[in-house]
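Undergrad: See protein-v9.csv below, with CSV, C-alpha atoms and all ligand atoms.
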```csv
chain,number,residue,atom,x,y,z
A,1,MET,CA,1.5,25.2,2.2
A,2,LYS,CA,-2.2,25.4,1.6
A,3,GLU,CA,-4.0,22.0,2.0
A,4,THR,CA,-5.5,20.5,-1.2
A,5,GLY,CA,-8.0,18.3,0.6
A,6,LYS,CA,-6.6,15.2,-1.0
A,7,ILE,CA,-5.7,12.2,1.1
A,8,GLY,CA,-3.7,9.2,0.0
A,9,ILE,CA,-4.1,5.8,1.5
A,10,ILE,CA,-1.8,2.9,0.8
A,11,GLY,CA,-2.9,-0.5,2.1
A,12,GLY,CA,-0.7,-3.6,2.1
A,13,THR,CA,0.6,-6.5,4.1
A,14,PHE,CA,3.9,-4.7,4.6
A,15,ASN,CA,5.5,-8.0,5.4
A,16,PRO,CA,7.9,-6.3,5.6
A,17,ILE,CA,7.6,-2.7,4.3
A,18,HIS,CA,10.3,-1.9,1.7
A,19,LEU,CA,11.5,1.0,-0.5
A,20,GLY,CA,9.1,0.1,-3.3
A,21,HIS,CA,6.1,0.9,-1.0
A,22,LEU,CA,7.7,4.1,0.2
A,23,MET,CA,8.7,5.2,-3.3
A,24,ILE,CA,5.2,4.8,-4.8
A,25,ALA,CA,3.7,6.6,-1.8
A,26,GLU,CA,6.1,9.5,-2.4
A,27,MET,CA,5.5,9.7,-6.1
A,28,ALA,CA,1.8,9.6,-5.6
A,29,GLN,CA,2.0,12.3,-2.9
A,30,GLU,CA,4.0,14.5,-5.2
A,31,THR,CA,2.1,14.0,-8.4
A,32,TYR,CA,-1.4,14.4,-6.9
A,33,ASN,CA,-0.4,17.0,-4.2
A,34,LEU,CA,-1.8,14.8,-1.4
A,35,ASP,CA,-1.9,16.5,2.0
A,36,ARG,CA,-0.9,13.2,3.6
A,37,VAL,CA,-0.4,9.5,2.8
A,38,ILE,CA,-1.8,7.1,5.4
A,39,PHE,CA,-0.2,3.6,5.5
A,40,VAL,CA,-2.7,1.0,6.5
A,41,PRO,CA,-1.2,-2.4,7.4
A,42,ALA,CA,-3.8,-5.1,6.7
A,43,TYR,CA,-4.7,-7.4,9.6
A,44,HIS,CA,-5.6,-10.5,7.8
A,45,PRO,CA,-5.3,-10.3,4.0
A,46,PRO,CA,-7.8,-12.7,2.6
A,47,HIS,CA,-5.5,-14.0,-0.1
A,48,LYS,CA,-2.2,-14.3,1.9
A,49,HIS,CA,-2.4,-16.8,4.8
A,50,GLU,CA,1.0,-18.3,5.0
A,51,ASP,CA,4.2,-16.5,5.9
A,52,VAL,CA,2.5,-13.4,7.2
A,53,ILE,CA,4.0,-12.3,10.5
A,54,GLU,CA,1.9,-11.0,13.3
A,55,ALA,CA,0.1,-7.7,12.7
A,56,ARG,CA,1.9,-6.0,15.6
A,57,TYR,CA,5.3,-6.5,14.1
A,58,ARG,CA,4.1,-5.3,10.6
A,59,TYR,CA,2.5,-2.3,12.2
A,60,GLU,CA,5.6,-1.3,14.2
A,61,MET,CA,7.9,-1.8,11.2
A,62,THR,CA,5.6,0.4,9.1
A,63,ALA,CA,5.5,3.1,11.8
A,64,ALA,CA,9.4,3.1,11.9
A,65,ALA,CA,9.6,3.4,8.1
A,66,VAL,CA,7.2,6.4,7.8
A,67,MET,CA,8.4,8.3,10.9
A,68,ASP,CA,10.8,10.6,9.1
A,69,ASN,CA,8.4,11.8,6.4
A,70,PRO,CA,6.1,14.6,7.7
A,71,LYS,CA,3.6,13.8,4.9
A,72,PHE,CA,3.4,10.1,5.9
A,73,THR,CA,1.4,8.6,8.7
A,74,ILE,CA,0.1,5.3,9.8
A,75,SER,CA,-3.3,3.9,10.9
A,76,ASP,CA,-4.1,0.8,12.9
A,77,ILE,CA,-7.7,0.7,11.8
A,78,GLU,CA,-7.4,-2.6,9.9
A,79,PHE,CA,-5.4,-4.5,12.5
A,80,LYS,CA,-7.6,-3.2,15.3
A,81,ARG,CA,-10.8,-4.6,13.6
A,82,GLU,CA,-11.7,-8.1,14.4
A,83,GLY,CA,-11.8,-10.2,11.2
A,84,PRO,CA,-11.0,-9.3,7.6
A,85,SER,CA,-11.2,-5.7,6.5
A,86,TYR,CA,-12.7,-4.6,3.2
A,87,THR,CA,-11.1,-1.5,1.7
A,88,VAL,CA,-14.6,0.0,1.3
A,89,ASP,CA,-15.0,0.0,5.1
A,90,THR,CA,-11.6,1.5,5.6
A,91,ILE,CA,-12.3,4.4,3.2
A,92,LYS,CA,-15.7,5.0,4.9
A,93,TYR,CA,-13.8,5.2,8.2
A,94,PHE,CA,-11.4,7.8,6.9
A,95,LYS,CA,-14.3,9.7,5.3
A,96,GLU,CA,-15.9,10.0,8.7
A,97,LEU,CA,-12.6,10.9,10.4
A,98,TYR,CA,-11.4,13.5,7.9
A,99,GLY,CA,-14.7,14.6,6.2
A,100,GLU,CA,-16.8,13.7,3.2
A,101,ASP,CA,-15.6,16.8,1.4
A,102,LYS,CA,-12.0,15.5,1.0
A,103,GLU,CA,-10.9,13.4,-2.0
A,104,TYR,CA,-9.5,10.0,-1.3
A,105,TYR,CA,-6.8,8.3,-3.4
A,106,PHE,CA,-5.9,4.6,-2.8
A,107,ILE,CA,-2.4,4.0,-4.0
A,108,ALA,CA,-1.5,0.5,-5.3
A,109,GLY,CA,0.8,-1.4,-7.5
A,110,THR,CA,-0.2,-3.0,-10.8
A,111,ASP,CA,-0.8,-6.4,-9.3
A,112,THR,CA,-3.3,-4.9,-6.9
A,113,ILE,CA,-5.0,-2.9,-9.7
A,114,GLN,CA,-5.3,-6.0,-11.9
A,115,ASP,CA,-7.1,-7.8,-9.1
A,116,LEU,CA,-9.8,-5.0,-8.6
A,117,PRO,CA,-12.5,-6.8,-10.6
A,118,ASN,CA,-12.5,-9.5,-7.9
A,119,TRP,CA,-12.7,-7.1,-5.0
A,120,LYS,CA,-15.9,-7.0,-2.8
A,121,TYR,CA,-18.0,-3.9,-3.2
A,122,ILE,CA,-15.6,-2.6,-5.9
A,123,HIS,CA,-18.3,-0.5,-7.7
A,124,GLU,CA,-19.3,1.2,-4.4
A,125,LEU,CA,-15.6,1.7,-3.6
A,126,LEU,CA,-14.9,3.3,-7.0
A,127,GLN,CA,-17.7,5.8,-6.1
A,128,LEU,CA,-15.9,6.6,-2.9
A,129,CYS,CA,-12.3,7.0,-3.9
A,130,HIS,CA,-9.8,7.2,-6.7
A,131,PHE,CA,-7.1,4.6,-7.4
A,132,ILE,CA,-3.6,5.5,-8.3
A,133,GLY,CA,-2.0,2.5,-10.1
A,134,ALA,CA,1.8,2.6,-9.9
A,135,VAL,CA,3.4,0.5,-12.5
A,136,ARG,CA,5.5,-2.4,-11.2
A,137,PRO,CA,8.1,-4.2,-13.4
A,138,ASP,CA,6.4,-6.1,-16.2
A,139,GLY,CA,3.1,-4.4,-15.4
A,140,SER,CA,3.1,-1.6,-17.9
A,141,ALA,CA,0.3,-3.1,-20.0
A,142,ALA,CA,-1.8,-4.2,-17.0
A,143,ILE,CA,-3.7,-1.1,-15.9
A,144,GLU,CA,-5.4,0.1,-19.2
A,145,PRO,CA,-7.5,-3.1,-19.6
A,146,ILE,CA,-8.7,-2.7,-16.0
A,147,ILE,CA,-9.7,0.9,-16.6
A,148,GLN,CA,-11.6,-0.2,-19.7
A,149,PHE,CA,-13.2,-3.1,-17.7
A,150,PHE,CA,-14.9,-0.5,-15.4
A,151,GLY,CA,-15.9,1.8,-18.4
A,152,GLU,CA,-16.8,5.4,-17.5
A,153,LEU,CA,-16.2,4.8,-13.8
A,154,GLY,CA,-12.8,3.3,-14.5
A,155,ARG,CA,-11.8,6.2,-16.7
A,156,GLU,CA,-12.8,8.7,-14.0
A,157,ARG,CA,-11.4,6.9,-11.0
A,158,ILE,CA,-8.4,4.8,-11.9
A,159,HIS,CA,-5.2,6.7,-12.8
A,160,LEU,CA,-2.0,5.3,-14.1
A,161,LEU,CA,1.2,6.6,-12.4
A,162,GLU,CA,4.6,6.0,-14.0
A,163,VAL,CA,7.2,5.5,-11.3
A,164,PRO,CA,10.8,4.5,-11.4
A,165,LEU,CA,10.7,0.7,-11.6
A,166,MET,CA,11.8,-1.1,-8.6
A,167,GLN,CA,12.1,-4.8,-8.8
A,168,LEU,CA,11.5,-5.2,-5.0
A,169,SER,CA,8.9,-7.5,-3.4
A,170,ALA,CA,8.3,-8.5,0.2
A,171,THR,CA,8.4,-12.1,-0.9
A,172,ASP,CA,11.9,-11.8,-2.2
A,173,LEU,CA,13.0,-9.8,0.8
A,174,ARG,CA,11.7,-12.5,3.2
A,175,ALA,CA,13.7,-15.0,1.2
A,176,ARG,CA,16.8,-12.8,1.6
A,177,LEU,CA,16.2,-12.5,5.3
A,178,ARG,CA,15.7,-16.2,5.8
A,179,THR,CA,19.0,-17.0,4.1
A,180,LYS,CA,20.8,-14.1,5.8
A,181,ARG,CA,21.5,-12.2,2.6
A,182,SER,CA,21.7,-8.4,2.6
A,183,VAL,CA,18.5,-6.3,2.5
A,184,ARG,CA,20.4,-3.1,2.9
A,185,TYR,CA,19.2,-0.2,0.7
A,186,MET,CA,16.0,-2.3,0.0
A,187,ILE,CA,14.4,-1.9,3.4
A,188,PRO,CA,14.7,1.3,5.5
A,189,LYS,CA,17.5,1.3,8.0
A,190,ALA,CA,15.1,1.6,11.0
A,191,VAL,CA,13.2,-1.4,9.8
A,192,VAL,CA,16.4,-3.5,9.3
A,193,GLN,CA,17.2,-2.6,12.9
A,194,TYR,CA,13.7,-3.6,14.1
A,195,ILE,CA,14.0,-7.0,12.3
A,196,ALA,CA,17.3,-7.7,14.0
A,197,LYS,CA,16.1,-6.6,17.4
A,198,HIS,CA,13.0,-8.7,17.3
A,199,ASP,CA,14.6,-11.7,15.7
A,200,ILE,CA,11.9,-12.1,13.0
A,201,TYR,CA,11.9,-13.6,9.5
A,202,LYS,CA,14.1,-16.4,10.5
A,203,LYS,CA,12.1,-19.2,9.0
A,301,LIG,P1,4.4,-9.8,-1.4
A,301,LIG,O1,5.7,-10.0,-2.1
A,301,LIG,O2,4.4,-10.4,0.0
A,301,LIG,O3,3.2,-10.1,-2.1
A,301,LIG,P2,4.5,-6.9,-1.9
A,301,LIG,O4,5.9,-6.5,-1.9
A,301,LIG,O5,3.7,-7.0,-3.1
A,301,LIG,O6,4.3,-8.2,-1.0
A,301,LIG,P3,2.3,-5.6,-0.4
A,301,LIG,O7,2.3,-5.3,1.1
A,301,LIG,O8,1.4,-6.7,-0.8
A,301,LIG,O9,3.8,-5.9,-0.8
A,301,LIG,O10,2.1,-4.4,-1.3
A,301,LIG,C1,1.3,-3.2,-0.9
A,301,LIG,C2,1.1,-2.4,-2.2
A,301,LIG,O11,2.4,-1.9,-2.7
A,301,LIG,C3,0.5,-3.3,-3.3
A,301,LIG,O12,-0.5,-2.5,-4.0
A,301,LIG,C4,1.7,-3.5,-4.3
A,301,LIG,O13,1.3,-3.7,-5.6
A,301,LIG,C5,2.5,-2.3,-4.1
A,301,LIG,N1,3.9,-2.6,-4.3
A,301,LIG,C6,4.7,-3.4,-3.6
A,301,LIG,N2,6.0,-3.4,-4.1
A,301,LIG,C7,6.0,-2.6,-5.2
A,301,LIG,C8,7.1,-2.2,-6.1
A,301,LIG,N3,8.3,-2.6,-6.0
A,301,LIG,N4,6.7,-1.2,-7.0
A,301,LIG,C9,5.4,-0.7,-7.1
A,301,LIG,N5,4.4,-1.1,-6.3
A,301,LIG,C10,4.7,-2.0,-5.3
```
In structure tokens, what does this structure look like?

TA:
Amino acid sequence: MKETGKIGIIGGTFNPIHLGHLMIAEMAQETYNLDRVIFVPAYHPPHKHEDVIEARYRYEMTAAAVMDNPKFTISDIEFKREGPSYTVDTIKYFKELYGEDKEYYFIAGTDTIQDLPNWKYIHELLQLCHFIGAVRPDGSAAIEPIIQFFGELGRERIHLLEVPLMQLSATDLRARLRTKRSVRYMIPKAVVQYIAKHDIYKK
């Protein structure tokens, strides 16, 4: 199929990656005809210090999760960088790699979209890429006020995406793993196997 020149990027801690992440990436890919969606595991998320397992594990789990989808790929740009990554630098990196002429779409859930006013260089970032805000449970009213907050730029660059609601969060899944409850059908099979093999999320 002819390429559209649109590239999706989904950033996250992916601690661990779950079907909520994969589902919003798939819905965004389909709705916006994205040529590919790049999963970018964060090295050191500024707001999440505790409970985040080593970047190498999160990277490998994410790689295992996206492997069977030809439109999905993974980048190690943020975990290779020393120190915290700002999304604006990550987008600039992809612009250099794939070209200025492409359109970039950052895919995120409502909690992330709500936080955008606090992001560093957010105005510059909104000039560089679009945001696709996928609604999370209880988040349906959350995106519109953020679009309004950024005025014209917000209306041009932040798009609401209705997706099937999935009450899944990595926090809940870590709790399940710690207490040896099932995560089957919530985390991809390859990732469940990886977790067992590497004996992670025990405490
Ligand atoms: P945690 O529970 O550890 O905060 P998380 O499940 O929110 O993790 P992240 O890696 O922080 O996972 O999320 C990456 C992106 O995916 C974020 O923009 C988040 O809003 C979005 N996301 C995560 N889970 C869902 C879900 N169930 N539905 C829609 N979006 C989601």

Undergrad: Using all atoms listed in the file, which residues sit within 9 Å of A:Gly5 once same-chain residues fewer than 2 positions away are excluded, as a PyMOL selection string?

TA: chain A and resi 3+7+34-35+101-104

Undergrad: Select the residues contacting ligand LIG 301 (chain A) at a distance of at most 8 Å, based on all atoms listed in the file, then format the selection as JSON, numbers by chain.

TA: {"A": [10, 11, 12, 13, 14, 15, 16, 17, 18, 19, 20, 21, 23, 24, 41, 48, 107, 108, 109, 110, 111, 112, 113, 134, 135, 136, 137, 163, 165, 166, 167, 168, 169, 170, 171, 172, 173]}

Undergrad: I want to know what sits within 10 Å of stretch 198-202 of chain A, based on only C-alpha atoms, with residues of the same chain fewer than 6 positions away left out; could you give that as a PyMOL selection string?

TA: chain A and resi 15-16+51-53+57+173-180

Undergrad: In Å, with one decimal, what is the gap from atom CA of A:Ile9 to atom CA of A:Lys95?

TA: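 These two atoms are separated by 11.6 Å.
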
Undergrad: Per residue of stretch 20-135 of chain A within 8 Å of stretch 143-161 of chain A, record the nearest atom pair and its distance in Å to one decimal, counting all atoms listed in the file, with rows in chain order and ascending residue number, as JSON lines.

TA:
```
{"residue": "A:Ala28", "atom": "CA", "partner": "A:Leu161", "partner_atom": "CA", "distance": 7.5}
{"residue": "A:Thr110", "atom": "CA", "partner": "A:Ile143", "partner_atom": "CA", "distance": 6.5}
{"residue": "A:Ile113", "atom": "CA", "partner": "A:Ile143", "partner_atom": "CA", "distance": 6.6}
{"residue": "A:Gln114", "atom": "CA", "partner": "A:Ile146", "partner_atom": "CA", "distance": 6.3}
{"residue": "A:Leu116", "atom": "CA", "partner": "A:Ile146", "partner_atom": "CA", "distance": 7.8}
{"residue": "A:Pro117", "atom": "CA", "partner": "A:Ile146", "partner_atom": "CA", "distance": 7.8}
{"residue": "A:Leu126", "atom": "CA", "partner": "A:Arg157", "partner_atom": "CA", "distance": 6.4}
{"residue": "A:Gln127", "atom": "CA", "partner": "A:Leu153", "partner_atom": "CA", "distance": 7.9}
{"residue": "A:Cys129", "atom": "CA", "partner": "A:Arg157", "partner_atom": "CA", "distance": 7.2}
{"residue": "A:His130", "atom": "CA", "partner": "A:Arg157", "partner_atom": "CA", "distance": 4.6}
{"residue": "A:Phe131", "atom": "CA", "partner": "A:Ile158", "partner_atom": "CA", "distance": 4.7}
{"residue": "A:Ile132", "atom": "CA", "partner": "A:His159", "partner_atom": "CA", "distance": 4.9}
{"residue": "A:Gly133", "atom": "CA", "partner": "A:Leu160", "partner_atom": "CA", "distance": 4.9}
{"residue": "A:Ala134", "atom": "CA", "partner": "A:Leu161", "partner_atom": "CA", "distance": 4.8}
{"residue": "A:Val135", "atom": "CA", "partner": "A:Leu161", "partner_atom": "CA", "distance": 6.5}
```

Undergrad: Would you please work out which residue, of A:Tyr43, A:Tyr86, A:Tyr98, A:Phe106, is nearest to A:Trp119 when using all atoms listed in the file?

TA: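 Ranking A:Tyr43, A:Tyr86, A:Tyr98, A:Phe106 by distance to A:Trp119, first place goes to A:Tyr86.
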
Undergrad: Between A:Leu22, A:Lys6, A:Ala42, A:Glu60, which residue has the minimum interatomic distance to A:Tyr194, considering all atoms listed in the file?

TA: A:Glu60

Undergrad: For the atom pair atom CA of A:Val191 and atom CA of A:Glu78, what is the interatomic distance in Å to one decimal place?

TA: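 That distance, rounded to one decimal, is 20.6 Å.
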
Undergrad: Could you tell me how far atom CA of A:Val183 lies from atom CA of A:Arg58, in Å and to one decimal?

TA: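 Computing the Euclidean distance for atom CA of A:Val183 and atom CA of A:Arg58 yields 16.6 Å.
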